[in-house]
>>> print(open('target-v5.tsv').read())   # TSV, C-alpha atoms
chain	number	residue	atom	x	y	z
M	183	MET	CA	-102.03	-23.53	22.08
M	184	SER	CA	-98.32	-23.99	22.82
M	185	LEU	CA	-95.74	-21.27	22.16
M	186	LEU	CA	-94.41	-23.30	19.21
M	187	GLU	CA	-97.90	-23.67	17.74
M	188	GLN	CA	-98.54	-19.93	18.19
M	189	ARG	CA	-95.35	-19.12	16.32
M	190	ALA	CA	-96.24	-21.52	13.50
M	191	SER	CA	-99.70	-19.95	13.20
M	192	ARG	CA	-98.21	-16.45	13.17
M	193	ASN	CA	-95.72	-17.44	10.43
M	194	LEU	CA	-98.57	-18.87	8.36
M	195	GLN	CA	-100.59	-15.66	8.73
M	196	GLU	CA	-97.59	-13.50	7.83
M	197	LEU	CA	-96.97	-15.50	4.66
M	198	ALA	CA	-100.65	-15.30	3.72
M	199	GLN	CA	-100.51	-11.53	4.19
M	200	SER	CA	-97.45	-11.31	1.95
M	201	LEU	CA	-99.27	-13.22	-0.80
M	202	ARG	CA	-102.33	-11.03	-0.43
M	203	GLN	CA	-100.30	-7.85	-0.78
M	204	TYR	CA	-98.59	-9.28	-3.85
M	205	THR	CA	-101.93	-10.05	-5.54
M	206	ASP	CA	-104.23	-7.25	-4.32
M	207	ALA	CA	-103.79	-5.26	-7.54
M	208	THR	CA	-105.01	-8.22	-9.66
M	209	ASP	CA	-108.53	-9.38	-10.51
M	210	GLY	CA	-108.40	-11.71	-7.50
M	211	SER	CA	-108.86	-15.05	-9.22
M	212	ASP	CA	-105.95	-16.68	-10.98
M	213	THR	CA	-102.51	-18.25	-10.87
M	214	PHE	CA	-99.75	-15.66	-10.78
M	215	PRO	CA	-96.27	-16.64	-12.03
M	216	THR	CA	-93.41	-14.88	-10.28
M	217	ALA	CA	-89.84	-13.93	-11.18
M	218	ILE	CA	-88.78	-17.26	-9.64
M	219	GLN	CA	-89.17	-20.02	-12.20
M	220	GLY	CA	-91.47	-22.72	-10.84
M	221	LEU	CA	-92.96	-20.51	-8.10
M	222	SER	CA	-96.53	-19.25	-8.60
M	223	ILE	CA	-99.00	-17.58	-6.26
M	224	LEU	CA	-102.55	-18.96	-6.16
M	225	ARG	CA	-105.51	-16.78	-5.24
M	226	SER	CA	-109.28	-16.95	-5.48
M	227	ASP	CA	-111.74	-14.44	-4.03
M	228	GLN	CA	-114.63	-16.89	-4.11
M	229	ALA	CA	-115.44	-20.56	-3.90
M	230	ASN	CA	-115.73	-22.02	-7.39
M	231	ARG	CA	-117.51	-24.81	-9.18
M	232	PRO	CA	-115.42	-27.97	-9.69
M	233	ALA	CA	-113.34	-27.77	-12.86
M	234	SER	CA	-110.72	-29.83	-14.65
M	235	CYS	CA	-107.08	-28.82	-14.33
M	236	LEU	CA	-103.59	-30.25	-14.78
M	237	PHE	CA	-101.36	-30.58	-11.73
M	238	LYS	CA	-97.59	-30.43	-12.26
M	239	PRO	CA	-95.02	-32.15	-10.03
M	240	ALA	CA	-95.04	-29.60	-7.22
M	241	LEU	CA	-95.85	-28.68	-3.66
M	242	TYR	CA	-99.23	-26.90	-3.49
M	243	MET	CA	-99.30	-24.98	-0.20
M	244	THR	CA	-102.53	-23.58	1.22
M	245	LEU	CA	-101.97	-20.60	3.51
M	246	GLN	CA	-105.57	-19.40	3.74
M	247	GLY	CA	-108.87	-20.99	2.73
M	248	ALA	CA	-109.25	-24.54	1.42
M	249	LYS	CA	-109.57	-26.52	-1.80
M	250	TRP	CA	-109.89	-30.11	-2.97
M	251	ALA	CA	-108.63	-32.11	-5.92
M	252	THR	CA	-109.56	-35.55	-7.21
M	253	PHE	CA	-107.08	-37.98	-8.76
M	254	GLY	CA	-108.81	-41.04	-10.14
M	255	ASP	CA	-111.29	-42.17	-7.47
M	256	LYS	CA	-109.56	-40.45	-4.53
M	257	ARG	CA	-110.30	-36.93	-3.30
M	258	TYR	CA	-107.73	-34.85	-1.40
M	259	LYS	CA	-108.79	-31.81	0.65
M	260	PHE	CA	-106.11	-29.40	1.87
M	261	GLY	CA	-106.81	-26.34	3.97
M	262	ALA	CA	-104.72	-23.64	5.67
M	263	GLY	CA	-101.48	-25.13	6.98
M	264	GLN	CA	-101.60	-28.11	4.62
M	265	SER	CA	-100.08	-28.90	1.25
M	266	LEU	CA	-100.73	-31.28	-1.61
M	267	MET	CA	-97.58	-32.91	-2.97
M	268	VAL	CA	-97.78	-34.20	-6.54
M	269	ALA	CA	-95.14	-36.43	-8.15
M	270	VAL	CA	-96.11	-36.46	-11.83
M	271	ASP	CA	-98.26	-34.50	-14.29
M	272	ILE	CA	-101.78	-35.54	-13.31
M	273	PRO	CA	-105.06	-34.35	-14.87
M	274	SER	CA	-107.45	-33.65	-12.02
M	275	ARG	CA	-110.80	-32.19	-11.10
M	276	GLY	CA	-110.97	-29.80	-8.18
M	277	THR	CA	-111.99	-26.44	-6.80
M	278	VAL	CA	-111.54	-23.82	-4.10
M	279	VAL	CA	-114.17	-24.47	-1.42
M	280	VAL	CA	-113.33	-21.84	1.23
M	281	ALA	CA	-112.76	-18.27	-0.02
M	282	SER	CA	-114.34	-14.80	-0.06
M	283	SER	CA	-113.41	-11.30	-1.15
M	284	LYS	CA	-112.68	-10.47	2.49
M	285	THR	CA	-110.71	-13.66	3.15
M	286	PRO	CA	-109.48	-15.00	-0.23
M	287	TYR	CA	-107.97	-18.40	-0.86
M	288	LEU	CA	-104.18	-17.93	-0.89
M	289	GLY	CA	-101.60	-20.53	-1.78
M	290	LEU	CA	-98.25	-21.25	-3.36
M	291	GLN	CA	-97.28	-23.65	-6.14
M	292	ILE	CA	-93.64	-24.66	-5.78
M	293	GLU	CA	-92.39	-26.93	-8.55
M	294	LEU	CA	-90.04	-29.53	-7.10
M	295	ASP	CA	-86.57	-30.49	-8.27
M	296	PHE	CA	-86.39	-34.26	-7.76
M	297	PHE	CA	-82.70	-34.35	-8.63
M	298	ILE	CA	-81.99	-32.06	-5.67
M	299	MET	CA	-84.31	-34.17	-3.55
M	300	GLN	CA	-82.38	-37.30	-4.56
M	301	GLU	CA	-79.11	-35.59	-3.57
M	302	MET	CA	-80.55	-34.56	-0.21
M	303	ALA	CA	-81.79	-38.09	0.45
M	304	GLU	CA	-78.32	-39.48	-0.24
M	305	GLU	CA	-76.62	-36.80	1.88
M	306	THR	CA	-78.95	-37.43	4.83
M	307	GLY	CA	-78.56	-41.21	4.57
M	308	ILE	CA	-82.17	-42.00	3.65
M	309	THR	CA	-82.13	-45.52	2.24
M	310	LEU	CA	-85.85	-46.29	2.18
M	311	THR	CA	-86.74	-48.84	-0.50
M	312	ALA	CA	-90.03	-49.06	-2.31
M	313	ALA	CA	-90.79	-52.42	-0.73
M	314	SER	CA	-90.37	-51.21	2.86
M	315	LYS	CA	-93.50	-49.04	2.90
M	316	PRO	CA	-96.94	-49.19	1.27
M	317	LYS	CA	-96.76	-48.09	-2.35
M	318	ALA	CA	-97.42	-44.37	-2.79
M	319	ARG	CA	-99.79	-42.87	-5.30
M	320	GLY	CA	-98.85	-39.83	-7.32
M	321	ALA	CA	-100.19	-37.38	-4.72
M	322	PHE	CA	-100.79	-37.01	-0.99
M	323	VAL	CA	-101.54	-34.31	1.61
M	324	LEU	CA	-99.03	-33.25	4.26
M	325	GLU	CA	-99.01	-30.79	7.16
M	326	LEU	CA	-96.87	-27.70	6.68
M	327	ASN	CA	-94.22	-27.36	9.37
M	328	ARG	CA	-92.65	-24.09	10.50
M	329	GLN	CA	-89.48	-24.70	8.45
M	330	LEU	CA	-91.37	-25.12	5.16
M	331	VAL	CA	-93.39	-21.97	5.80
M	332	ASP	CA	-90.15	-20.11	6.59
M	333	CYS	CA	-88.61	-21.30	3.30
M	334	ALA	CA	-91.67	-20.10	1.40
M	335	GLN	CA	-91.56	-16.72	3.13
M	336	ARG	CA	-87.90	-16.22	2.23
M	337	ALA	CA	-88.67	-17.15	-1.38
M	338	ILE	CA	-91.40	-14.47	-1.51
M	339	HIS	CA	-89.01	-11.92	0.03
M	340	LEU	CA	-86.55	-12.68	-2.79
M	341	LEU	CA	-89.04	-11.28	-5.30
M	342	GLY	CA	-88.06	-7.82	-4.06
M	343	THR	CA	-84.44	-8.39	-5.13
M	344	PRO	CA	-84.59	-10.21	-8.48
M	345	GLU	CA	-80.80	-10.12	-8.92
M	346	ALA	CA	-80.44	-12.36	-5.85
M	347	ILE	CA	-82.85	-15.06	-7.08
M	348	PRO	CA	-80.40	-17.21	-9.13
M	349	ARG	CA	-77.88	-17.14	-6.28
M	350	LEU	CA	-80.15	-17.76	-3.30
M	351	TYR	CA	-83.25	-19.66	-4.48
M	352	PRO	CA	-81.40	-22.93	-5.25
M	353	GLY	CA	-80.39	-23.00	-1.59
M	354	ILE	CA	-84.00	-22.48	-0.52
M	355	MET	CA	-85.05	-25.37	-2.79
M	356	ARG	CA	-82.45	-27.59	-1.08
M	357	GLU	CA	-83.91	-26.61	2.29
M	358	ILE	CA	-87.44	-27.38	1.10
M	359	CYS	CA	-86.33	-30.84	-0.05
M	360	TYR	CA	-84.52	-31.43	3.25
M	361	TRP	CA	-87.50	-30.49	5.44
M	362	LEU	CA	-89.85	-32.55	3.29
M	363	LEU	CA	-87.65	-35.63	3.59
M	364	THR	CA	-86.99	-35.27	7.33
M	365	GLY	CA	-90.47	-34.11	8.37
M	366	PRO	CA	-93.32	-36.20	9.87
M	367	GLU	CA	-94.45	-37.34	6.40
M	368	GLY	CA	-90.88	-38.03	5.25
M	369	HIS	CA	-91.60	-41.66	4.41
M	370	GLN	CA	-94.35	-40.61	1.99
M	371	VAL	CA	-92.09	-37.96	0.47
M	372	SER	CA	-89.43	-40.65	0.04
M	373	GLN	CA	-91.92	-42.83	-1.78
M	374	ILE	CA	-92.72	-39.91	-4.11
M	375	MET	CA	-88.98	-39.48	-4.69
M	376	ILE	CA	-88.60	-43.18	-5.46
M	377	MET	CA	-91.55	-42.89	-7.83
M	378	ALA	CA	-89.82	-40.04	-9.65
M	379	ASN	CA	-86.26	-41.37	-9.65
M	380	GLY	CA	-86.31	-45.05	-8.76
M	381	GLN	CA	-88.28	-48.22	-9.35
M	382	ASP	CA	-91.26	-46.50	-10.95
M	383	ARG	CA	-89.08	-44.55	-13.35
M	384	ARG	CA	-90.31	-46.66	-16.25
M	385	ILE	CA	-93.87	-45.47	-15.60
M	386	ILE	CA	-92.65	-41.87	-15.38
M	387	GLN	CA	-90.85	-42.29	-18.71
M	388	VAL	CA	-94.05	-43.59	-20.30
M	389	ILE	CA	-95.90	-40.55	-18.94
M	390	HIS	CA	-93.28	-38.30	-20.56
M	391	THR	CA	-93.73	-40.22	-23.82
M	392	LEU	CA	-97.48	-39.67	-23.70
M	393	ARG	CA	-96.96	-35.95	-23.10
M	394	ASN	CA	-94.48	-35.65	-25.96
M	395	LYS	CA	-96.59	-37.63	-28.43
M	396	LEU	CA	-100.08	-36.33	-27.73
M	397	SER	CA	-101.24	-36.46	-31.33
M	398	GLU	CA	-100.17	-40.07	-31.92
M	399	THR	CA	-102.37	-43.13	-31.50
M	400	ILE	CA	-101.14	-45.17	-28.56
M	401	HIS	CA	-101.29	-48.90	-28.00
M	402	VAL	CA	-101.08	-50.06	-24.41
M	403	ALA	CA	-99.27	-53.21	-25.51
M	404	ASN	CA	-96.45	-51.11	-26.99
M	405	LEU	CA	-96.24	-48.96	-23.86
M	406	ALA	CA	-96.01	-52.09	-21.71
M	407	VAL	CA	-93.17	-53.41	-23.86
M	408	ALA	CA	-91.35	-50.06	-23.57
M	409	ALA	CA	-91.74	-50.25	-19.79
M	410	ASN	CA	-90.56	-53.90	-19.82
M	411	MET	CA	-93.74	-55.07	-18.07
M	412	SER	CA	-96.61	-57.38	-18.83
M	413	GLN	CA	-99.76	-55.55	-19.91
M	414	ALA	CA	-101.52	-56.43	-16.66
M	415	THR	CA	-98.62	-55.22	-14.50
M	416	PHE	CA	-98.17	-52.08	-16.57
M	417	HIS	CA	-101.87	-51.22	-16.40
M	418	ARG	CA	-101.89	-51.73	-12.61
M	419	GLN	CA	-98.70	-49.72	-12.03
M	420	PHE	CA	-99.81	-46.87	-14.28
M	421	LYS	CA	-103.17	-46.55	-12.55
M	422	SER	CA	-101.48	-46.68	-9.13
M	423	VAL	CA	-99.38	-43.62	-10.02
M	424	THR	CA	-101.91	-41.53	-11.96
M	425	GLY	CA	-105.29	-42.79	-10.77
M	426	MET	CA	-106.39	-43.56	-14.34
M	427	THR	CA	-105.67	-45.87	-17.26
M	428	PRO	CA	-103.14	-44.90	-20.00
M	429	ILE	CA	-105.95	-44.21	-22.49
M	430	GLN	CA	-107.85	-42.06	-20.00
M	431	TYR	CA	-104.65	-40.23	-19.12
M	432	GLN	CA	-103.78	-39.41	-22.73
M	433	LYS	CA	-107.31	-38.23	-23.43
M	434	GLN	CA	-107.16	-35.85	-20.46
M	435	LEU	CA	-103.76	-34.53	-21.56
M	436	ARG	CA	-105.06	-33.95	-25.09
M	437	LEU	CA	-108.06	-31.98	-23.89
M	438	HIS	CA	-106.00	-29.84	-21.50
M	439	GLU	CA	-103.46	-29.09	-24.23
M	440	ALA	CA	-106.22	-28.20	-26.70
M	441	ARG	CA	-107.70	-25.82	-24.13
M	442	ARG	CA	-104.28	-24.18	-23.65
M	443	LEU	CA	-103.89	-23.75	-27.41
M	444	MET	CA	-107.30	-22.12	-27.76
M	445	ILE	CA	-106.90	-19.79	-24.78
M	446	PHE	CA	-103.26	-18.78	-25.03
M	447	ARG	CA	-102.48	-19.36	-28.72
M	448	ASN	CA	-105.84	-18.27	-30.18
M	449	ALA	CA	-106.21	-21.61	-31.97
M	450	THR	CA	-109.59	-22.42	-33.48
M	451	VAL	CA	-111.56	-25.38	-32.18
M	452	GLU	CA	-110.79	-27.27	-35.39
M	453	SER	CA	-107.04	-26.64	-35.37
M	454	ALA	CA	-106.69	-27.37	-31.65
M	455	ALA	CA	-108.56	-30.66	-32.06
M	456	HIS	CA	-106.36	-31.74	-34.96
M	457	ASP	CA	-103.14	-30.61	-33.25
M	458	VAL	CA	-103.75	-32.94	-30.30
M	459	GLY	CA	-104.70	-35.93	-32.43
M	460	TYR	CA	-108.48	-35.82	-32.93
M	461	VAL	CA	-109.70	-36.77	-36.39
M	462	SER	CA	-113.31	-35.88	-35.59
M	463	VAL	CA	-113.98	-32.34	-34.33
M	464	SER	CA	-117.46	-33.38	-33.18
M	465	GLN	CA	-115.95	-36.15	-31.04
M	466	PHE	CA	-113.46	-33.65	-29.65
M	467	SER	CA	-116.29	-31.25	-28.75
M	468	ARG	CA	-118.30	-33.99	-27.04
M	469	GLU	CA	-115.36	-35.16	-24.94
M	470	TYR	CA	-114.30	-31.58	-24.16
M	471	THR	CA	-117.81	-30.76	-22.93
M	472	ARG	CA	-117.85	-33.90	-20.80
M	473	VAL	CA	-114.59	-32.90	-19.07
M	474	PHE	CA	-114.89	-29.10	-18.83
M	475	GLY	CA	-118.67	-28.84	-18.50
M	476	THR	CA	-119.25	-26.68	-21.58
M	477	SER	CA	-118.40	-26.57	-25.28
M	478	PRO	CA	-114.91	-25.48	-26.40
M	479	ARG	CA	-116.09	-22.18	-27.94
M	480	ARG	CA	-118.23	-21.26	-24.95
M	481	ASP	CA	-115.47	-22.24	-22.49
M	482	VAL	CA	-112.89	-20.01	-24.22
M	483	SER	CA	-115.41	-17.17	-24.49
M	484	ILE	CA	-116.21	-17.36	-20.77
M	485	TRP	CA	-112.50	-17.44	-19.90
M	486	ARG	CA	-111.74	-14.35	-22.00
M	487	ARG	CA	-114.67	-12.38	-20.61
M	488	SER	CA	-113.45	-13.14	-17.09
M	489	ARG	CA	-110.03	-11.55	-17.76
M	490	PRO	CA	-109.55	-7.91	-16.77
M	491	ILE	CA	-109.03	-5.42	-19.61
M	492	GLN	CA	-105.35	-4.50	-19.75
>>> encode(input="target-v5.tsv", output="C-alpha cells")
Amino acid sequence: MSLLEQRASRNLQELAQSLRQYTDATDGSDTFPTAIQGLSILRSDQANRPASCLFKPALYMTLQGAKWATFGDKRYKFGAGQSLMVAVDIPSRGTVVVASSKTPYLGLQIELDFFIMQEMAEETGITLTAASKPKARGAFVLELNRQLVDCAQRAIHLLGTPEAIPRLYPGIMREICYWLLTGPEGHQVSQIMIMANGQDRRIIQVIHTLRNKLSETIHVANLAVAANMSQATFHRQFKSVTGMTPIQYQKQLRLHEARRLMIFRNATVESAAHDVGYVSVSQFSREYTRVFGTSPRRDVSIWRRSRPIQ
C-alpha cells in the first residue's frame, strides 16, 4: 500500500471512529439527523433484511461496513470507501449487509445542493453536454477520495461548534461539489448535475409534481404533455431516471408517505390511506404489505417496539 493510500485509509478510519463516538449512546440502529441541515449519520449494529426506503438527492457515504440498494432492475452495492450518489427522490429496496455490534455499519447522508454544483461547474469551466456521454440514471456508485473524506470530517467537527455551522458549512458544501465534479467519476457527476438542472429538468419537474400531488389521480398522457414529450419518449425518459414507470413511482411515494404519517404523525391506517389518495383501505393494505413485507398495523407496531424508551 502506497503512502497516499495509507493516509486515505487512516482518514477513513478516523471519520468512522468519529461517527461511532457520536452514535454510541443511541440504540445503534437508525438515521441520526445532526445540527447541520441535510447531514445525517447512518448506523446499524447488524445486517438487516431487505426493506423499502426512499432515497433523497444526496451523497450516501459508507465509512464502515456495506449495504446495497436497488433502483428499478439495477442493484448498487457500496462498501467502506464508496458512496452512492442519488440525483432525485427515488423509492428503493435495500439493506445493510455487513455490520455487527463490534463493527457497526457507519455512514453519512449528505444532501446535495445542485445550485452550488451548477455554480462550481461553471466556475471550473465544465461544459459537458448530455449528448457527449452515455445517459446517466438517477444513481451511481463512486469511490471516495481523500478530499471528500476530509470535507466530511470537517463537517462532523463543526457539530461541536454549532454557532460556526451557518458560516462554515456552505464552504464545505462548495468543496464537496468541487471534488465530486473534478474527481475520477466527474463525468458521471456532471451527468447527474445535468439531470437535475439541464436537459432532464422537465422529468425532474414532473417528479416534483407527483410528490406535491400524491393524493390526485394521475394520467401519463397529461404528464407527457406537461413535459412537452410524446408519451413513448416521456415513459422512456422517466424510467431512465427513476428505474420505474410514473404509475409505479407514484404508488411507491404514496406508500412511503402513508408509512411516515402512521409512524411520525400517529395517523390511523384508514386516514393515512385516504390522505395519500387511496379510496379502498383494503387495496392500500394489500399494496403496503407487498412493498414493506407486512401489514400497515403490524409494521408500525414493530417499528415502535424497536424504539428505545425515552
>>> closest_atom_pairs(input="target-v5.tsv", of="segment 264-347 of chain M", to="segment 428-434 of chain M", cutoff="10 Å", atoms="only C-alpha atoms", output="tab-separated table")
residue	atom	partner	partner_atom	distance
M:Asp271	CA	M:Tyr431	CA	9.8
M:Ile272	CA	M:Tyr431	CA	8.0
M:Pro273	CA	M:Gln434	CA	6.2
M:Ser274	CA	M:Gln434	CA	8.7
>>> atom_distance(input="target-v5.tsv", atom1="atom CA of Arg202 of chain M", atom2="atom CA of Arg441 of chain M")
28.4 Å
>>> closest_residue(input="target-v5.tsv", among="M:Ala408, M:Val331, M:Ala198, M:Met299", to="Gln387 of chain M", atoms="all atoms listed in the file")
M:Ala408
>>> residues_around(input="target-v5.tsv", residues="Leu241 of chain M", least_positions_apart="5", cutoff="12 Å", atoms="only C-alpha atoms", output="ChimeraX atom specification")
/M:220-223,260,264-270,289-296,321-326,330-331,334,355,358-359,362,371,374
>>> closest_residue(input="target-v5.tsv", among="M:Gln329, M:Asn404, M:Gln373, M:Thr244", to="Thr391 of chain M", atoms="all atoms listed in the file")
M:Asn404
>>> atom_distance(input="target-v5.tsv", atom1="atom CA of Glu469 of chain M", atom2="atom CA of Arg393 of chain M")
18.5 Å
>>> residues_around(input="target-v5.tsv", residues="Val463 of chain M", least_positions_apart="4", cutoff="10 Å", atoms="only C-alpha atoms", output="VMD selection string")
chain M and resid 451 to 456 467 to 469
>>> closest_residue(input="target-v5.tsv", among="M:Ser412, M:Cys333, M:Ala403, M:Ala229", to="Ser283 of chain M", atoms="all atoms listed in the file")
M:Ala229
>>> atom_distance(input="target-v5.tsv", atom1="atom CA of Asp332 of chain M", atom2="atom CA of Glu345 of chain M")
20.7 Å
>>> axis_aligned_box(input="target-v5.tsv", around="segment 298-304 of chain M", padding_each_side="6 Å", output="AutoDock Vina command-line options")
--center_x -81.3 --center_y -35.8 --center_z -2.6 --size_x 18.0 --size_y 19.4 --size_z 18.1
>>> closest_residue(input="target-v5.tsv", among="M:Pro348, M:Gly263, M:Gly425, M:Gly276", to="Asn193 of chain M", atoms="only C-alpha atoms")
M:Gly263
>>> closest_residue(input="target-v5.tsv", among="M:Val279, M:Tyr287, M:Thr306, M:Phe420", to="Gly368 of chain M", atoms="all atoms listed in the file")
M:Thr306
>>> closest_residue(input="target-v5.tsv", among="M:Lys421, M:Thr364, M:Leu443, M:Lys256", to="Ile389 of chain M", atoms="all atoms listed in the file")
M:Lys421
>>> residues_around(input="target-v5.tsv", residues="Glu301 of chain M", least_positions_apart="2", cutoff="12 Å", atoms="all atoms listed in the file", output="PyMOL selection string")
chain M and resi 295-299+303-309+355-357+359-360+363+375+379
>>> residues_around(input="target-v5.tsv", residues="Trp250 of chain M", least_positions_apart="6", cutoff="6 Å", atoms="only C-alpha atoms", output="list in words")
Tyr258, Lys259, Gly276 and Thr277 of chain M
>>> decode(input="target-v5.tsv", residues="segment 222-310 of chain M", atoms="C-alpha atoms", output="compact mmCIF listing (two decimals), in the first residue's frame")
# COMPACT_ATOMS: atom_id res chain seq x y z
CA SER M 222 -27.38 12.72 8.86
CA ILE M 223 -25.34 9.91 10.38
CA LEU M 224 -26.27 6.34 9.42
CA ARG M 225 -25.59 3.41 11.73
CA SER M 226 -26.65 -0.20 12.05
CA ASP M 227 -25.30 -2.74 14.54
CA GLN M 228 -26.46 -5.70 12.48
CA ALA M 229 -27.15 -6.81 8.95
CA ASN M 230 -30.84 -6.40 8.16
CA ARG M 231 -33.48 -7.91 5.95
CA PRO M 232 -34.14 -6.00 2.71
CA ALA M 233 -36.69 -3.24 3.21
CA SER M 234 -38.25 -0.43 1.20
CA CYS M 235 -36.97 3.10 1.71
CA LEU M 236 -36.94 6.48 0.00
CA PHE M 237 -33.61 7.92 -1.12
CA LYS M 238 -33.29 11.71 -1.31
CA PRO M 239 -30.94 13.57 -3.68
CA ALA M 240 -27.76 13.09 -1.67
CA LEU M 241 -24.34 11.54 -1.29
CA TYR M 242 -24.55 8.36 0.81
CA MET M 243 -21.04 7.68 2.13
CA THR M 244 -20.09 4.31 3.62
CA LEU M 245 -17.20 4.55 6.08
CA GLN M 246 -17.51 1.10 7.63
CA GLY M 247 -19.49 -2.00 6.62
CA ALA M 248 -21.52 -2.32 3.42
CA LYS M 249 -25.05 -2.03 2.08
CA TRP M 250 -26.94 -2.34 -1.19
CA ALA M 251 -29.89 -0.58 -2.78
CA THR M 252 -31.99 -1.45 -5.81
CA PHE M 253 -33.42 1.14 -8.21
CA GLY M 254 -35.70 -0.45 -10.76
CA ASP M 255 -33.90 -3.55 -12.04
CA LYS M 256 -30.38 -2.42 -11.07
CA ARG M 257 -28.68 -3.16 -7.75
CA TYR M 258 -25.90 -0.96 -6.35
CA LYS M 259 -23.57 -2.23 -3.61
CA PHE M 260 -21.36 0.26 -1.77
CA GLY M 261 -18.91 -0.67 0.94
CA ALA M 262 -16.31 1.16 3.04
CA GLY M 263 -14.65 3.89 0.98
CA GLN M 264 -17.52 4.10 -1.51
CA SER M 265 -20.57 6.30 -1.87
CA LEU M 266 -23.92 6.15 -3.63
CA MET M 267 -24.87 9.40 -5.35
CA VAL M 268 -28.59 9.94 -5.97
CA ALA M 269 -30.00 12.70 -8.18
CA VAL M 270 -33.74 12.60 -7.46
CA ASP M 271 -36.16 11.23 -4.86
CA ILE M 272 -36.18 7.51 -5.65
CA PRO M 273 -38.14 4.77 -3.83
CA SER M 274 -35.78 1.85 -3.36
CA ARG M 275 -35.33 -1.51 -1.71
CA GLY M 276 -32.10 -2.17 0.14
CA THR M 277 -30.34 -3.23 3.31
CA VAL M 278 -27.15 -3.21 5.35
CA VAL M 279 -25.27 -6.44 4.55
CA VAL M 280 -22.04 -6.04 6.57
CA ALA M 281 -22.42 -4.94 10.21
CA SER M 282 -22.12 -6.20 13.79
CA SER M 283 -22.29 -4.79 17.30
CA LYS M 284 -18.48 -4.86 17.39
CA THR M 285 -18.05 -3.33 13.94
CA PRO M 286 -21.29 -1.46 13.06
CA TYR M 287 -22.23 -0.10 9.68
CA LEU M 288 -21.36 3.62 9.70
CA GLY M 289 -22.18 6.14 7.02
CA LEU M 290 -23.12 9.69 6.21
CA GLN M 291 -26.04 11.10 4.23
CA ILE M 292 -25.12 14.48 2.76
CA GLU M 293 -27.95 16.16 0.87
CA LEU M 294 -26.56 17.91 -2.19
CA ASP M 295 -27.13 21.48 -3.33
CA PHE M 296 -27.34 21.26 -7.13
CA PHE M 297 -27.41 25.04 -7.49
CA ILE M 298 -23.98 25.21 -5.85
CA MET M 299 -22.85 22.32 -8.01
CA GLN M 300 -24.01 24.19 -11.12
CA GLU M 301 -22.04 27.26 -10.00
CA MET M 302 -18.93 25.17 -9.40
CA ALA M 303 -19.25 23.55 -12.83
CA GLU M 304 -19.44 26.97 -14.47
CA GLU M 305 -16.53 28.33 -12.41
CA THR M 306 -14.32 25.35 -13.27
CA GLY M 307 -15.22 25.51 -16.96
CA ILE M 308 -17.02 22.16 -17.16
CA THR M 309 -19.05 22.26 -20.37
CA LEU M 310 -20.05 18.61 -20.68
